[in-house]
Amino acid sequence: METVANFIHGKCITGDSQRIQAIFNPATGAQIRQVAMSTVQQTEQAIAAAQQAFPDWSRQSPLKRARILFRFKSLLEQHMDSLAKLISEEHGKIYSDAVGELTRGLEVVEFACGIPHLQKGEHSANVGTGVDSHSLMQPLGVCVGITPFNFPAMVPMWMFPVALATGNTFVLKPSEKDPSLAVRLAQLLKESGLPDGVFNVVQGDKEAVDVLLTDPRVQAVSFVGSTPIAEYIYNTASAQGKRCQALGGAKNHCILMPDADMAMATNAIMGAAFGAAGERCMALSVVVAVGSNTADTLCSQLEQKIATLRVGPGLGHQPENEMGPLISSAHRAKVLDYIDSGKAQGATLRVDGSELKLAGNEDGYFVGPTLFDHVTPEMTIYKEEIFGPVLSVVRVADYQSALNLINQHEYGNGTAIFTRDGGTARRFCEEVQVGMVGVNVPIPVPMAFHSFGGWKRSIFGPLNVHGNDGVRFYTRMKTITARWPESHHQQGAAFSMPTLG
Ligand code: NAD
């Protein structure tokens with residue numbers, strides 16, 4: 001059985017831990033590989049490699065660093081097909097969705113290629129007589145990324161392209177559920193000319209993570225995953241004096257107004273609720289329908305569309321399936337429990353995906369698209385993140401009640417409104433307490449040159465990922481104030497706070 005390796009100082013090193021975890025193909029339930037959980041010593045080896053590589057890498061000119069990223073971008077494009085197949089094999093998502101996630105990651109690489117411009121800092125001439133000020137945006141040192149299973153390519157690429165471009169070195173700890181892609185990315189970075197030690201991968205779980213959070217050589221931690229772990233990561237890393245951004249879970253609502261283009265909205269909601277089997281932090285899991293007619297029309301249109309949605313393996317089917325399996329049998333069981341709880345707590349189950357059995361893939365971790373109507377805010381399926389293909393419809397009388405629901409929810413990652421009324425849309429953008437907002441756009445994931453991040457318990461830390469926030473997160477500002485006087489020494493010492501002179 002192939003064991004997925006660590007990547008330390010430019011080499012694949014198979015972990016020697018006794019703790020081995022199986023990796024499954026979620027479409028078949030068959031084990032395909034295994035991964036050894038890194039020990040404390042192996043994790044420290046990766047940190048040491050990154051620490052050793054930092055002085056040289058940080059002194060490279062930004063243009064030289066960018067050129068390596070340009071080559072990496074071109075290799076990603078060249079290997080897109082095999083990378084997408086690897087994602088689909090270990091994660092389960094359909095091939096075209098895997099290409100989509102790689103493309104969104106690639107866009108961050110393209111953004112980071114502009115680093116000579118992004119890292120220029122600021123300059124003010126003559127802030128006082130004969131005095132100039134300029135700032136340097138200096139790299140931090142060893143930075144760490146800890147990433148979830150649901151985007152094995154895109155989420156690491158939210159982090160390391162910007163970290164490397166700004167002159168940091170990096171240790172990535174990918175999800176132990178689909179760890180292979182991280183090693184391929186490391187190999188492609190090496191092929192692009194990245195010096196050994198600048199980018200390292202440690203496979204593992206809490207044991208490795210805790211080393212990364214507490215080792216004094218690590219300067220900054222970027223995390224994406226579930227909220228309880230995000231909170232733990234943020235508190236632990238911050239207590240150790242490290243810079244930290246920790247993105248957590250979500251429960252994304254959309255408001256469906258009575259004046260919306262219903263055909264467009266239904267299609268958008270289908271894709272956003274059931275794409276990637278609902279395993280996206282930006283998936284729509286609650287539709288707040290304003291008015292009973294709106295809810296009735298939506299539910300009957302959704303029922304028709306769900307009836308023809310193609311569920312099956314992410315690879316090897318023509319036409320391509322539209323929705324793949326969940327990540328693991330344990331996660332499938334958890335999603336089925338949520339469906340049971342929705343039924344038990346009185347929601348109307350309009351489409352039940354829990355009985356789905358696919359001929360030829362009986363052992364795969366599939367759950368069919370599921371639709372609940374008449375969901376209320378007290379129900380568990382409303383309150384908690386399900387991370388599966390389960391859509392809840394909540395009925396309210398007016399816009400204000402819909403907005404209140406969203407603003408009262410503990411998460412604030414993404415949201416959307418479907419309406420033809422510009423005034424309502426504009427008001428929603430102003431009033432909603434959520435980090436990423438779509439107007440007739442169901443999954444408003446910001447482009448690489450903007451920053452991605454939610455509000456409330458969907459994020460811990462002040463700076464979002466990529467875009468300008470990403471550059472700020474991975475750099476430390478130093479401001480230099482310089483005077484080159486001809487006869488300053490003749491003025492003598494000054495003991496009051498310097499002001500404009
Ligand atoms: P997870 O929190 O279980 O795992 C994320 C990472 O943390 C993994 O690398 C894992 O090994 C590590 N980890 C797990 N338990 C740990 C512990 N006790 N101590 C230290 N490290 C630990 O998340 P997941 O199941 O892989 O991913 C799904 C979650 O990620 C969902 O909640 C989803 O909403 C969230 N997510 C959020 C965003 C976002 O941008 N906000 C994006 C993608 C996923």
# chains A, B, ... in the order shown; residues from 1 in each chain; ligands from 1

call {"tool": "residues_near_ligand", "arguments": {"ligand": "ligand 1", "cutoff": "7 Å", "atoms": "only C-alpha atoms and all ligand atoms", "output": "number ranges by chain"}}
result
A: 146-151, 155, 173-176, 204-206, 209-210, 224-227, 229-230, 233, 247-250, 280-281, 385, 387, 413, 453-454, 458-459

call {"tool": "residues_around", "arguments": {"residues": "Leu102 in chain A", "least_positions_apart": "3", "cutoff": "9 Å", "atoms": "only C-alpha atoms", "output": "list in words"}}
result
Leu76, Met80, Leu83, Ala84, Asp97, Ala98, Val99, Gly105, Leu106, Glu107, Phe151, Ala153, Met154 and Met157 of chain A

call {"tool": "residues_around", "arguments": {"residues": "Glu384 in chain A", "least_positions_apart": "6", "cutoff": "10 Å", "atoms": "only C-alpha atoms", "output": "MDAnalysis selection string"}}
result
chainID A and resid 249:251 338 409:411

call {"tool": "residues_around", "arguments": {"residues": "Val40 in chain A", "least_positions_apart": "5", "cutoff": "8 Å", "atoms": "only C-alpha atoms", "output": "compact mmCIF listing (two decimals) with N, CA and C atoms, in the first residue's frame"}}
result
# COMPACT_ATOMS: atom_id res chain seq x y z
N GLU A 207 -1.21 16.06 16.80
CA GLU A 207 0.16 16.02 17.35
C GLU A 207 1.08 16.96 16.57
N ALA A 208 1.00 16.88 15.23
CA ALA A 208 1.84 17.76 14.40
C ALA A 208 1.39 19.21 14.54
N VAL A 211 2.68 21.02 17.58
CA VAL A 211 4.09 21.44 17.46
C VAL A 211 4.16 22.75 16.67

call {"tool": "select_by_dssp", "arguments": {"residues": "range 158-243 of chain A", "states": "strand (DSSP E)", "output": "mmCIF file with N, CA and C atoms, in the first residue's frame"}}
result
data_model
loop_
_atom_site.group_PDB
_atom_site.id
_atom_site.type_symbol
_atom_site.label_atom_id
_atom_site.label_comp_id
_atom_site.auth_asym_id
_atom_site.auth_seq_id
_atom_site.Cartn_x
_atom_site.Cartn_y
_atom_site.Cartn_z
ATOM 1 N N THR A 169 9.135 31.510 4.380
ATOM 2 C CA THR A 169 9.178 30.083 4.081
ATOM 3 C C THR A 169 7.961 29.439 4.743
ATOM 4 N N PHE A 170 7.652 28.207 4.345
ATOM 5 C CA PHE A 170 6.308 27.699 4.663
ATOM 6 C C PHE A 170 6.336 26.224 5.030
ATOM 7 N N VAL A 171 5.478 25.876 6.012
ATOM 8 C CA VAL A 171 5.213 24.460 6.322
ATOM 9 C C VAL A 171 3.704 24.266 6.207
ATOM 10 N N LEU A 172 3.299 23.372 5.314
ATOM 11 C CA LEU A 172 1.873 23.084 5.112
ATOM 12 C C LEU A 172 1.517 21.771 5.794
ATOM 13 N N LYS A 173 0.440 21.799 6.575
ATOM 14 C CA LYS A 173 -0.090 20.560 7.181
ATOM 15 C C LYS A 173 -1.485 20.364 6.578
ATOM 16 N N PHE A 199 9.514 25.480 0.941
ATOM 17 C CA PHE A 199 8.141 24.970 1.087
ATOM 18 C C PHE A 199 8.210 23.508 1.535
ATOM 19 N N ASN A 200 7.556 23.205 2.632
ATOM 20 C CA ASN A 200 7.606 21.853 3.198
ATOM 21 C C ASN A 200 6.191 21.385 3.521
ATOM 22 N N VAL A 201 6.014 20.069 3.512
ATOM 23 C CA VAL A 201 4.703 19.506 3.856
ATOM 24 C C VAL A 201 4.901 18.503 4.986
ATOM 25 N N VAL A 218 8.162 29.342 14.567
ATOM 26 C CA VAL A 218 7.028 29.649 13.680
ATOM 27 C C VAL A 218 6.497 31.043 14.016
ATOM 28 N N GLN A 219 6.380 31.876 12.985
ATOM 29 C CA GLN A 219 5.968 33.272 13.206
ATOM 30 C C GLN A 219 4.485 33.501 12.970
ATOM 31 N N ALA A 220 3.885 32.736 12.041
ATOM 32 C CA ALA A 220 2.489 33.019 11.684
ATOM 33 C C ALA A 220 1.779 31.735 11.298
ATOM 34 N N VAL A 221 0.489 31.685 11.634
ATOM 35 C CA VAL A 221 -0.313 30.487 11.374
ATOM 36 C C VAL A 221 -1.569 30.881 10.604
ATOM 37 N N SER A 222 -1.774 30.243 9.455
ATOM 38 C CA SER A 222 -3.031 30.404 8.720
ATOM 39 C C SER A 222 -3.782 29.088 8.843
ATOM 40 N N PHE A 223 -5.044 29.172 9.191
ATOM 41 C CA PHE A 223 -5.842 27.960 9.383
ATOM 42 C C PHE A 223 -7.171 28.120 8.669
ATOM 43 N N VAL A 224 -7.636 27.018 8.071
ATOM 44 C CA VAL A 224 -9.016 26.949 7.559
ATOM 45 C C VAL A 224 -9.568 25.591 7.968
ATOM 46 N N ARG A 243 1.284 35.542 14.913
ATOM 47 C CA ARG A 243 0.225 36.130 14.110
ATOM 48 C C ARG A 243 -0.677 34.997 13.634
#

call {"tool": "closest_residue", "arguments": {"among": "A:Ala246, A:Ala48, A:Ala186, A:Val127", "to": "Phe460 in chain A", "atoms": "only C-alpha atoms"}}
result
A:Ala246

call {"tool": "residues_around", "arguments": {"residues": "Asn25 in chain A", "least_positions_apart": "5", "cutoff": "8 Å", "atoms": "only C-alpha atoms", "output": "PyMOL selection string"}}
result
chain A and resi 30-32+89-92+364

call {"tool": "write_last_selection", "arguments": {"atoms": "N, CA and C atoms", "output": "short mmCIF file (atom, residue, chain, number, x, y, z; two decimals), in the first residue's frame"}}
result
data_model
loop_
_atom_site.label_atom_id
_atom_site.label_comp_id
_atom_site.auth_asym_id
_atom_site.auth_seq_id
_atom_site.Cartn_x
_atom_site.Cartn_y
_atom_site.Cartn_z
N ALA A 30 -13.25 2.04 -1.08
CA ALA A 30 -12.05 1.18 -1.03
C ALA A 30 -10.84 2.01 -0.57
N GLN A 31 -9.96 1.36 0.22
CA GLN A 31 -8.73 2.06 0.62
C GLN A 31 -7.80 2.16 -0.59
N ILE A 32 -7.22 3.36 -0.81
CA ILE A 32 -6.33 3.54 -1.95
C ILE A 32 -4.89 3.83 -1.55
N GLU A 89 -10.21 11.71 -6.92
CA GLU A 89 -10.04 10.35 -6.39
C GLU A 89 -10.07 10.33 -4.86
N GLU A 90 -9.38 11.31 -4.23
CA GLU A 90 -9.30 11.27 -2.75
C GLU A 90 -10.43 12.03 -2.08
N HIS A 91 -10.92 13.09 -2.73
CA HIS A 91 -11.98 13.88 -2.11
C HIS A 91 -13.37 13.42 -2.53
N GLY A 92 -13.51 13.04 -3.81
CA GLY A 92 -14.81 12.59 -4.30
C GLY A 92 -15.51 13.57 -5.21
N GLY A 364 -19.88 3.32 -1.63
CA GLY A 364 -19.45 4.73 -1.67
C GLY A 364 -20.23 5.53 -0.63
#

call {"tool": "residues_around", "arguments": {"residues": "Pro26 in chain A", "least_positions_apart": "3", "cutoff": "12 Å", "atoms": "only C-alpha atoms", "output": "number ranges by chain"}}
result
A: 22-23, 29-32, 87-94, 177-178, 277, 312-315, 324-332, 361-367

call {"tool": "write_last_selection", "arguments": {"atoms": "C-alpha atoms", "output": "CSV table (one decimal), in the first residue's frame"}}
result
chain,number,residue,atom,x,y,z
A,22,ALA,CA,-6.1,4.9,5.7
A,23,ILE,CA,-7.1,7.0,2.8
A,29,GLY,CA,-15.3,3.0,-0.1
A,30,ALA,CA,-12.0,1.2,-1.0
A,31,GLN,CA,-8.7,2.1,0.6
A,32,ILE,CA,-6.3,3.5,-2.0
A,87,ILE,CA,-8.4,15.6,-6.1
A,88,SER,CA,-11.5,13.8,-7.3
A,89,GLU,CA,-10.0,10.4,-6.4
A,90,GLU,CA,-9.3,11.3,-2.8
A,91,HIS,CA,-12.0,13.9,-2.1
A,92,GLY,CA,-14.8,12.6,-4.3
A,93,LYS,CA,-15.8,15.9,-6.0
A,94,ILE,CA,-16.6,15.8,-9.7
A,177,LYS,CA,-8.2,12.7,4.7
A,178,ASP,CA,-6.8,13.8,1.2
A,277,ALA,CA,-22.2,17.5,-2.1
A,312,GLY,CA,-22.4,9.4,-8.8
A,313,PRO,CA,-18.6,9.1,-8.9
A,314,GLY,CA,-16.7,12.2,-9.8
A,315,LEU,CA,-14.6,10.5,-12.4
A,324,GLY,CA,-20.2,13.1,-5.9
A,325,PRO,CA,-20.0,11.4,-2.5
A,326,LEU,CA,-19.2,12.7,0.9
A,327,ILE,CA,-15.6,12.5,2.2
A,328,SER,CA,-16.0,9.5,4.6
A,329,SER,CA,-18.4,6.9,6.0
A,330,ALA,CA,-18.3,8.7,9.4
A,331,HIS,CA,-19.3,12.0,7.8
A,332,ARG,CA,-22.0,10.3,5.8
A,361,ASN,CA,-21.1,2.0,-5.9
A,362,GLU,CA,-23.0,0.6,-3.0
A,363,ASP,CA,-20.0,1.1,-0.6
A,364,GLY,CA,-19.5,4.7,-1.7
A,365,TYR,CA,-20.3,7.5,0.8
A,366,PHE,CA,-23.2,8.9,-1.2
A,367,VAL,CA,-26.2,10.9,0.2

call {"tool": "residues_around", "arguments": {"residues": "Val437 in chain A", "least_positions_apart": "2", "cutoff": "7 Å", "atoms": "only C-alpha atoms", "output": "list in words"}}
result
Gly414, Thr415, Ala416, Cys429, Val434, Gly435, Val439 and Pro444 of chain A

call {"tool": "atom_distance", "arguments": {"atom1": "CA of Met1 in chain A", "atom2": "CA of Phe24 in chain A"}}
result
11.9 Å

call {"tool": "decode", "arguments": {"residues": "range 114-139 of chain A", "atoms": "N, CA and C atoms", "output": "mmCIF file, in the first residue's frame"}}
result
data_model
loop_
_atom_site.group_PDB
_atom_site.id
_atom_site.type_symbol
_atom_site.label_atom_id
_atom_site.label_comp_id
_atom_site.auth_asym_id
_atom_site.auth_seq_id
_atom_site.Cartn_x
_atom_site.Cartn_y
_atom_site.Cartn_z
ATOM 1 N N GLY A 114 2.416 39.307 -8.927
ATOM 2 C CA GLY A 114 2.528 40.770 -8.952
ATOM 3 C C GLY A 114 3.221 41.335 -7.724
ATOM 4 N N ILE A 115 3.959 40.491 -7.000
ATOM 5 C CA ILE A 115 4.496 40.898 -5.704
ATOM 6 C C ILE A 115 5.481 42.075 -5.780
ATOM 7 N N PRO A 116 6.271 42.211 -6.876
ATOM 8 C CA PRO A 116 7.159 43.382 -6.887
ATOM 9 C C PRO A 116 6.360 44.680 -6.735
ATOM 10 N N HIS A 117 5.170 44.706 -7.260
ATOM 11 C CA HIS A 117 4.338 45.902 -7.116
ATOM 12 C C HIS A 117 3.656 45.938 -5.742
ATOM 13 N N LEU A 118 3.172 44.755 -5.299
ATOM 14 C CA LEU A 118 2.373 44.707 -4.066
ATOM 15 C C LEU A 118 3.195 44.980 -2.810
ATOM 16 N N GLN A 119 4.501 44.696 -2.884
ATOM 17 C CA GLN A 119 5.339 44.785 -1.680
ATOM 18 C C GLN A 119 6.224 46.035 -1.696
ATOM 19 N N LYS A 120 5.781 47.055 -2.406
ATOM 20 C CA LYS A 120 6.648 48.235 -2.553
ATOM 21 C C LYS A 120 6.713 49.098 -1.302
ATOM 22 N N GLY A 121 5.695 49.005 -0.455
ATOM 23 C CA GLY A 121 5.682 49.879 0.716
ATOM 24 C C GLY A 121 5.301 51.304 0.335
ATOM 25 N N GLU A 122 5.531 52.215 1.266
ATOM 26 C CA GLU A 122 5.089 53.599 1.063
ATOM 27 C C GLU A 122 6.279 54.551 1.222
ATOM 28 N N HIS A 123 6.148 55.721 0.645
ATOM 29 C CA HIS A 123 7.221 56.705 0.779
ATOM 30 C C HIS A 123 6.636 58.106 0.860
ATOM 31 N N SER A 124 7.119 58.888 1.801
ATOM 32 C CA SER A 124 6.727 60.300 1.873
ATOM 33 C C SER A 124 7.991 61.129 1.911
ATOM 34 N N ALA A 125 8.087 62.041 0.983
ATOM 35 C CA ALA A 125 9.252 62.929 0.975
ATOM 36 C C ALA A 125 8.973 64.120 1.875
ATOM 37 N N ASN A 126 10.011 64.580 2.576
ATOM 38 C CA ASN A 126 9.933 65.848 3.305
ATOM 39 C C ASN A 126 8.853 65.871 4.390
ATOM 40 N N VAL A 127 8.787 64.811 5.201
ATOM 41 C CA VAL A 127 7.803 64.804 6.297
ATOM 42 C C VAL A 127 8.145 65.867 7.337
ATOM 43 N N GLY A 128 9.369 66.247 7.409
ATOM 44 C CA GLY A 128 9.838 67.405 8.176
ATOM 45 C C GLY A 128 10.933 68.033 7.314
ATOM 46 N N THR A 129 11.446 69.143 7.700
ATOM 47 C CA THR A 129 12.462 69.769 6.853
ATOM 48 C C THR A 129 13.664 68.845 6.699
ATOM 49 N N GLY A 130 13.919 68.439 5.477
ATOM 50 C CA GLY A 130 15.049 67.537 5.205
ATOM 51 C C GLY A 130 14.837 66.130 5.700
ATOM 52 N N VAL A 131 13.597 65.762 6.020
ATOM 53 C CA VAL A 131 13.332 64.420 6.566
ATOM 54 C C VAL A 131 12.396 63.657 5.623
ATOM 55 N N ASP A 132 12.771 62.414 5.280
ATOM 56 C CA ASP A 132 11.936 61.556 4.435
ATOM 57 C C ASP A 132 11.540 60.314 5.222
ATOM 58 N N SER A 133 10.369 59.749 4.889
ATOM 59 C CA SER A 133 9.928 58.507 5.533
ATOM 60 C C SER A 133 9.592 57.474 4.475
ATOM 61 N N HIS A 134 10.001 56.242 4.703
ATOM 62 C CA HIS A 134 9.516 55.159 3.841
ATOM 63 C C HIS A 134 9.319 53.900 4.666
ATOM 64 N N SER A 135 8.453 53.004 4.143
ATOM 65 C CA SER A 135 8.189 51.779 4.890
ATOM 66 C C SER A 135 8.687 50.572 4.098
ATOM 67 N N LEU A 136 9.124 49.570 4.835
ATOM 68 C CA LEU A 136 9.516 48.289 4.245
ATOM 69 C C LEU A 136 8.472 47.270 4.672
ATOM 70 N N MET A 137 8.042 46.424 3.744
ATOM 71 C CA MET A 137 7.116 45.343 4.097
ATOM 72 C C MET A 137 7.939 44.066 4.132
ATOM 73 N N GLN A 138 8.420 43.734 5.315
ATOM 74 C CA GLN A 138 9.374 42.637 5.412
ATOM 75 C C GLN A 138 8.677 41.315 5.749
ATOM 76 N N PRO A 139 9.209 40.206 5.233
ATOM 77 C CA PRO A 139 8.606 38.901 5.552
ATOM 78 C C PRO A 139 8.771 38.571 7.030
#
